[in-house]
Each structure stands twice: as structure tokens, then as C-alpha cells.
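Below: one structure, written as C-alpha cells.
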Amino acid sequence: MRQQTKHFINGEWLESTGSETIDVINPATEEVIGTISSGTEEDLNKAVKAARQAFPSFSKSTKEERIHWLENIVEGYEARKEELVNIMTDELGAPLTVSEDVHYQMGIGHFKQAAESLSTYSFEEERGGHTLMKESVGVSGLITPWNFPTNQVSTKIASAIAAGSPVVLKPASKTPFAAMILAEIIAEAGVPKGAFNLVNGSGSVIGNGISKHPDIDFVSFTGSGSVGEKIMQNAAPTIKKVALELGGKSPIVVLGDADVEEAAKTALSNIMTNTGQVCSAGTRVIIPHAMKKEFEDKIVELLPTFPVGDPRKEGIATGPLVSKDQWDTVQSYIEKGEKEATMLVGGTGKPEGLETGYYAKPTIFTDVSNDAVIAQEEIFGPVTTIIAYEDLDEAIDIANDTVYGLAGFVVGKNPETLQYVASNLRAGRITVNNAETDFNGPFGGYKQSGIGREWGDFGIEEYLEIKSVHGMP
Ligand code: TAP
């Protein structure tokens, strides 16, 4: 049992001023694996004050100092690899291989990338009639979700350190322990006291408090659209800068010349990796009518290559959903889908032999109309939809017919057609034929998927203000 009654404020672990606690549950066993303190407004105020006090010197730190801190964090992160991998399996339910190959690697990737981006980044440039200066935005409040316990936190912190912006982080209370290990790593990396603060607690107290706080200049939030909307409203009276990374209902456009097996593997990895709890997951497979039957047979045939089960067991690809609430949500969408479309495989209830734990049956719907609820709303579970098209422009129209625009995928061979689809999808990140992730590639959404960009150079710019100086001697 992990018990953490403290918050990381001004370079030290301080006892919470509140007595309430939040249980952290292992979704594979349904057992409580630890508790954290539910922070209070007083705790938050202390953290904001520490960040504010750190601002003058942290914002003037040199590029070399920031690179040095980022590199130290990378070292510390590597040293605690085993602990991080294990805690993400316990608090999120990610299979050990997913914890290591996806969560751990993405978390460290952002710190490496920020150091690399900084090495060539210019905070000042002469532009003829004026000098352009890029300066720290001020104190940043970071609110993160549970679905990628290190990645979501690391991308924000790495960019903030690179920009010289002190932060107050509120990690998701379902998965707080990986973030707390990261806090220890950051403290040991020599990051000045007050530049990084962590306050645990509920969204309704600490998250809400961050978004309203008069002494916070910028809020970077990742999570649901409904909370994103509240954050914008809360930030409005103090005209805070806001970055939102919200949900998605991303399309996978399969071209007529695609390899059916590749297309099926792409569709499956999108809903089975992290149990489909991925904001950018491709959950609408848009496929030519002529290929539909072959694709349906292939995806059902390949589904067992993603075994669902105990995340600590070798060979398991897909663990449970994060919580009972998430399980209930996914069940209700599957019920809706049974009425709206044809179910190829899956259904409600738990997979055989997995009665304990929040396991859901991977479920594939076909003959789905793009205006069905299961094709329009983010399910955040191992559920996909197959939608047929006649010609490519119809496929693009279907792909773009959503309130979201976070990501898109294209599978096929003809380079011109791949380019045509990539340039016509209205989304912030397009992946062609399962290309590798580039940590310098901006990540963020069009439309209701959000505002702003994270990762790499663009991520750093979120934490900067722009100043033009005219007549500089
Ligand atoms: P959210 O409620 O949006 O939670 C995300 C973060 O916001 C958590 O740290 C949460 O705190 C905090 N929060 C909650 N209410 C808040 C408020 N009023 N003001 C400020 N912060 C607040 O997401 P969830 O409940 O975890 O998941 C619900 C749905 O959101 C999912 O089914 C999924 O569709 C979507 N979701 C999307 C993403 C991405 S990456 N786009 C990630 C996770 C979930 P606590 O949870 O600690 O209270």
C-alpha cells in the first residue's frame, strides 16, 4: 500500500492541510493499492505562491541550465524505469509490455525531445523593424488525465521547463503515483525549488481552483470536452491563456489498394492498445464497400492476437479499463451499438474467466452509419466501428463529419492518394501506414478536439509569450 499524505510544494513534500483522502484502485484486481491526500485550496495557494516566487529567476534561466535539468531528468527517469513501469501497470491496468514500450518510452521521449528542441531554439530574433522576444508565459497550471500517467504529465512539464515557466501540476487522482515518482526525479534533477509543484486532489477542488486562480497565467488541460469547457469558462474572468487537449473520434481511411491484413492490424492496435483509452485512437474504420467483407473476416480472425487479461501476465496485450465508471460507460455504448449496427464480435459483460477486474469484451460493429451514436461519441474502450464508402471523396466527407479533429489514419499504397487524403482530413495529426511517432511532431486538435499544440517546438511555444521590441539600441 502506498500512502501519500503530502504534496510537493516549494522543493519539499509538505503535509496536506486537509484530512480527506482518495483511494487509488488497481483496475485488474479492484483492490485499493494506495491513498493520496485530497488537497485543499490552501494547499493550492501555497503551491501557486511558490511558483510565483520562483518565476523571476526561473524565467531568466539560461538555455544551457534548462537543457541540463532536462538531461538530468532523463537520467533519473531511466534509473527508476522498473518502478515507473510497475506502478503504471498497477494504477492504470496497462500490461507490463505496454507500460514499458508505450507509457515509459513516451514519458521519457518528451524530456529528450525538449532538450533537443532547446538546443536549436531561438528566444530572440531580429526581424528588420523590430526585435522579437519569446518569454515565459508566467505560472502554468497543469491538469492531466489518467489514460497516459507519464506521457500526459511529461509533455507538459518538459515544455514548461524548456520555456522557463514554473508549474503547479494536478495529476489525475486515479493515477497519481507515476506523477509523484516524476516529482521526486525532478527534485533530484536540480530544478530550482518552486519551479515544479504538485498538488494532489479532486478535479472539483484542485482542478477547478487552478482554472480560476488569479495568479495562474496559463492552464494546460488534457481530458474530457465537458471539463475542458468548464475550464475555459473558469479561466475567462482572469483572461488566462488556455490550452486544451480533448477527445477524438478519429477515422482510419482504408484505400482501395490497401493490404487488408495491414488495415485490420491498424484498426485493432488502435482499440486494443491501452484498452482503447487513447484520445487519438482511430475508432471509425472507413473502408471501400468492395473490401468490407474481407476486412470483417480478417479483423475477427486477428482479434485473438491481442489477448485480453491480467496485465501482469506475459503475452497479454490488453488489460482492463481504468475504473468501474469507465467500464459502465463502455457497456452503455455497446448496448447502444447493438441497436444501431451489426455486431461482429464482442458484446456487453466481461470476457470469460475475467470476472474480477474492469475487463470489457473487445467489440466490433459493422454496417455502421456515421451519424450513429457509436460513430460520433468518444467511447474510450476496446470498441470500433466499420463504415463503408463508394468513392474517396465520400470517404473524406465521412472522416470529417465529426465534431472532433484530433487525429486521422490512412492505410494504402498509392503515394498521391495517401497525400490527397492526408491533406484533406481536418485533424491535427495524420499517421500514414503506421509510421513511427516523431516526438517533435505537434500534437493537438482541430474543432472540438481542443486548442493549442503539445510536443516538441510547438509544445514549448505554448508556455511562451511573444514580445516585439521596437527601437532596440
Ligand atoms: P476528466 O473528468 O476530463 O478528467 C481529466 C482531469 O481533469 C483529471 O485530472 C480530473 O481530476 C480533472 N477534472 C475533473 N473535473 C474538473 C474540473 N471541474 N475542473 C478542473 N479539472 C477537473 O476525464 P475523466 O473523468 O477522467 O474521463 C471521462 C472521459 O473523458 C473519458 O471517458 C474520455 O472520453 C475522456 N478522456 C479524454 C482524455 C483525453 S486524452 N482526451 C483523457 C481522459 C479521459 P480527477 O479525475 O482527479 O478528479
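Ordering of the C-alpha cells sets the chain letters (A, B, ...), residue numbers begin anew at 1 in every chain, and ligands are numbered from 1 in the order given.
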Give the residue list for ligand 1 at 6 Å, counting only C-alpha atoms and all ligand atoms, as a compact mmCIF listing (two decimals) with C-alpha atoms, in the first residue's frame, sorted by chain and then by residue number.
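This is the output file part.txt:
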# COMPACT_ATOMS: atom_id res chain seq x y z
CA ILE A 143 -4.30 19.32 -15.22
CA THR A 144 -3.78 15.81 -16.56
CA PRO A 145 -5.91 12.69 -17.16
CA TRP A 146 -5.34 9.08 -16.17
CA ASN A 147 -5.00 7.43 -19.57
CA PRO A 171 -2.36 14.74 -11.77
CA ALA A 172 -5.45 12.56 -12.25
CA SER A 173 -6.46 11.12 -8.90
CA SER A 202 -10.00 16.10 -6.97
CA GLY A 203 -10.79 17.91 -10.18
CA SER A 204 -13.64 19.73 -8.47
CA GLY A 207 -8.52 21.39 -10.96
CA ASN A 208 -11.29 23.91 -10.56
CA THR A 222 -5.91 17.28 -21.11
CA GLY A 223 -9.12 15.33 -20.61
CA SER A 224 -12.80 15.33 -21.49
CA VAL A 227 -14.32 19.58 -18.27
CA ILE A 231 -12.00 25.29 -17.67
CA GLU A 245 -6.24 18.62 -25.48
CA LEU A 246 -9.63 16.93 -25.57
CA GLY A 247 -11.25 13.91 -27.11
CA CYS A 279 -7.72 10.25 -27.22
CA GLU A 378 -15.86 9.03 -27.86
CA ILE A 379 -16.23 5.60 -26.21
CA PHE A 380 -12.72 5.27 -24.74
Practice item. Just the residues within 9 Å of range 300-307 of chain A, please, counting only C-alpha atoms, with nothing from its chain fewer than 5 positions along; format it as a list of chain:residue names. Key: A:Glu261, A:Ala264, A:Lys265, A:Leu268, A:Ser269, A:Met272, A:Thr273, A:Phe295, A:Gly315, A:Ile316, A:Ala317, A:Thr318, A:Gly319, A:Leu344, A:Val345, A:Pro362, A:Ile364
Write the residues of the selection above to a file with C-alpha atoms, as a compact mmCIF listing (two decimals), in the first residue's frame.
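The resulting again-v4.txt:
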# COMPACT_ATOMS: atom_id res chain seq x y z
CA GLU A 261 -4.27 -7.53 -43.18
CA ALA A 264 -7.08 -4.88 -39.86
CA LYS A 265 -3.93 -4.76 -37.72
CA LEU A 268 -7.06 -3.47 -33.89
CA SER A 269 -3.98 -1.81 -32.46
CA MET A 272 -6.61 -2.69 -28.13
CA THR A 273 -3.55 -0.65 -27.13
CA PHE A 295 -11.82 -6.82 -43.87
CA GLY A 315 1.73 -12.28 -23.52
CA ILE A 316 -1.23 -10.07 -22.56
CA ALA A 317 -1.80 -7.16 -24.94
CA THR A 318 -4.89 -5.56 -23.43
CA GLY A 319 -5.73 -5.03 -19.78
CA LEU A 344 -19.44 -8.85 -35.48
CA VAL A 345 -17.86 -9.86 -32.20
CA PRO A 362 -13.40 -6.13 -27.47
CA ILE A 364 -16.53 -4.64 -33.41
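Among the candidate residues A:Pro351, A:Pro473, A:Gly412, A:Gly445, the one lying nearest to Asp257 in chain A is A:Gly412, with distances computed using only C-alpha atoms.
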Would you mind listing, for every residue of range 79-187 of chain A within 10 Å of range 10-17 of chain A, the two atoms forming the shortest contact and the distance between them in Å to one decimal, using only C-alpha atoms, sorted by chain and ascending residue number, as JSON lines?
{"residue": "A:Ala183", "atom": "CA", "partner": "A:Gly11", "partner_atom": "CA", "distance": 9.6}
{"residue": "A:Glu184", "atom": "CA", "partner": "A:Trp13", "partner_atom": "CA", "distance": 9.5}
{"residue": "A:Ile186", "atom": "CA", "partner": "A:Gly11", "partner_atom": "CA", "distance": 9.6}
{"residue": "A:Ala187", "atom": "CA", "partner": "A:Gly11", "partner_atom": "CA", "distance": 6.7}
Selected residues written out, N, CA and C atoms, as an mmCIF file, in the first residue's frame:
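File written: result.cif
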data_model
loop_
_atom_site.group_PDB
_atom_site.id
_atom_site.type_symbol
_atom_site.label_atom_id
_atom_site.label_comp_id
_atom_site.auth_asym_id
_atom_site.auth_seq_id
_atom_site.Cartn_x
_atom_site.Cartn_y
_atom_site.Cartn_z
ATOM 1 N N ALA A 183 7.874 13.617 -9.741
ATOM 2 C CA ALA A 183 8.175 14.787 -8.892
ATOM 3 C C ALA A 183 9.508 14.563 -8.168
ATOM 4 N N GLU A 184 9.719 13.345 -7.669
ATOM 5 C CA GLU A 184 10.985 13.044 -6.971
ATOM 6 C C GLU A 184 12.161 13.154 -7.941
ATOM 7 N N ILE A 186 12.315 15.005 -10.624
ATOM 8 C CA ILE A 186 12.526 16.427 -10.957
ATOM 9 C C ILE A 186 13.259 17.128 -9.816
ATOM 10 N N ALA A 187 12.882 16.801 -8.579
ATOM 11 C CA ALA A 187 13.548 17.427 -7.424
ATOM 12 C C ALA A 187 15.034 17.079 -7.424
#
Contacts of range 33-89 of chain A with range 159-168 of chain A up to 6 Å, shortest pair per row, only C-alpha atoms, as JSON lines:
{"residue": "A:Ala51", "atom": "CA", "partner": "A:Pro166", "partner_atom": "CA", "distance": 5.3}
{"residue": "A:Phe58", "atom": "CA", "partner": "A:Gly164", "partner_atom": "CA", "distance": 5.5}
{"residue": "A:Ser59", "atom": "CA", "partner": "A:Gly164", "partner_atom": "CA", "distance": 4.3}
{"residue": "A:Arg66", "atom": "CA", "partner": "A:Ala162", "partner_atom": "CA", "distance": 5.8}
Atoms to include: C-alpha atoms. Write the selected residues as a compact mmCIF listing (two decimals), in the first residue's frame.
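The resulting file, result_16.txt, is reproduced below:
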# COMPACT_ATOMS: atom_id res chain seq x y z
CA ALA A 51 5.66 29.06 -8.35
CA PHE A 58 13.38 30.57 -13.36
CA SER A 59 12.08 32.58 -16.31
CA ARG A 66 17.29 24.22 -18.79
Exercise for review: Please run DSSP on the backbone and report, as JSON, numbers by chain, all residues within range 107-253 of chain A that come out as helix (DSSP H, G or I).
Suggested key: {"A": [107, 108, 109, 110, 111, 112, 113, 114, 115, 116, 117, 118, 119, 120, 151, 152, 153, 154, 155, 156, 157, 158, 159, 160, 161, 162, 163, 177, 178, 179, 180, 181, 182, 183, 184, 185, 186, 187, 188, 203, 204, 205, 206, 207, 208, 209, 210, 211, 212, 225, 226, 227, 228, 229, 230, 231, 232, 233, 234, 235, 236, 237, 238]}
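Inside range 220-249 of chain A, the residues DSSP reads as strand (DSSP E) when given the backbone are Ser220, Phe221, Thr222, Lys241, Val242, Ala243, Leu244 and Glu245 of chain A.
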Go ahead and save the residues from that selection, with N, CA and C atoms, as a PDB file, in the first residue's frame.
ATOM      1  N   SER A 220      -2.928  24.436 -18.887  1.00  0.00           N
ATOM      2  CA  SER A 220      -2.829  23.401 -19.912  1.00  0.00           C
ATOM      3  C   SER A 220      -3.579  22.179 -19.395  1.00  0.00           C
ATOM      4  N   PHE A 221      -4.657  21.834 -20.095  1.00  0.00           N
ATOM      5  CA  PHE A 221      -5.538  20.744 -19.639  1.00  0.00           C
ATOM      6  C   PHE A 221      -5.617  19.645 -20.689  1.00  0.00           C
ATOM      7  N   THR A 222      -5.607  18.416 -20.234  1.00  0.00           N
ATOM      8  CA  THR A 222      -5.910  17.281 -21.113  1.00  0.00           C
ATOM      9  C   THR A 222      -6.989  16.454 -20.439  1.00  0.00           C
ATOM     10  N   LYS A 241      -4.593  32.410 -20.563  1.00  0.00           N
ATOM     11  CA  LYS A 241      -4.340  31.617 -21.772  1.00  0.00           C
ATOM     12  C   LYS A 241      -4.714  30.165 -21.433  1.00  0.00           C
ATOM     13  N   VAL A 242      -5.355  29.480 -22.371  1.00  0.00           N
ATOM     14  CA  VAL A 242      -5.795  28.108 -22.113  1.00  0.00           C
ATOM     15  C   VAL A 242      -5.387  27.203 -23.269  1.00  0.00           C
ATOM     16  N   ALA A 243      -4.816  26.052 -22.966  1.00  0.00           N
ATOM     17  CA  ALA A 243      -4.586  25.034 -23.998  1.00  0.00           C
ATOM     18  C   ALA A 243      -5.392  23.802 -23.602  1.00  0.00           C
ATOM     19  N   LEU A 244      -6.129  23.253 -24.542  1.00  0.00           N
ATOM     20  CA  LEU A 244      -6.993  22.110 -24.251  1.00  0.00           C
ATOM     21  C   LEU A 244      -6.676  20.974 -25.208  1.00  0.00           C
ATOM     22  N   GLU A 245      -6.409  19.813 -24.649  1.00  0.00           N
ATOM     23  CA  GLU A 245      -6.241  18.619 -25.480  1.00  0.00           C
ATOM     24  C   GLU A 245      -7.388  17.705 -25.097  1.00  0.00           C
TER      25      GLU A 245
END
Check your understanding: Contacts of Gln113 in chain A at 7 Å or less, counting only C-alpha atoms, minus same-chain residues fewer than 5 places along, as a list in words?
Key ->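 The contact residues come out as Phe439, Asn440 and Gly456 of chain A.
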Check your understanding: Which neighbours of range 149-153 of chain A fall inside 6 Å, counting only C-alpha atoms, when residues of the same chain fewer than 2 positions from it are skipped, and could you give them as JSON, numbers by chain?
Key -> {"A": [106, 107, 146, 155, 156]}
**Study point:** Selected residue, from A:Val139, A:Ser122, A:Ile466, A:Gly256, that lies nearest to Asp217 in chain A when counting only C-alpha atoms
**Key:**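 Smallest separation from Asp217 in chain A among the options: A:Val139.
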Check your understanding: Which residue gives the smallest distance to Val32 in chain A among A:Ser323, A:Ser99, A:Thr5, A:Asn434, with only C-alpha atoms counted?
Key -> A:Ser323
Check your understanding: Which polymer residues have any atom within 12 Å of an atom of Ala435 in chain A, counting only C-alpha atoms, with same-chain residues fewer than 3 positions away left out, as a list in words?
Key ->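 So the residues in contact are Thr266, Phe409, Val410, Val411, Arg429, Ile430, Thr431, Val432 and Asp438 of chain A.
If you count only C-alpha atoms and ignore residues fewer than 3 places along the chain from Ala360 in chain A, what sits within 8 Å of it is Pro320, Leu321, Trp327, Val330, Gln331, Thr348, Gly349, Lys350, Pro351, Gly381 and Pro382 of chain A.
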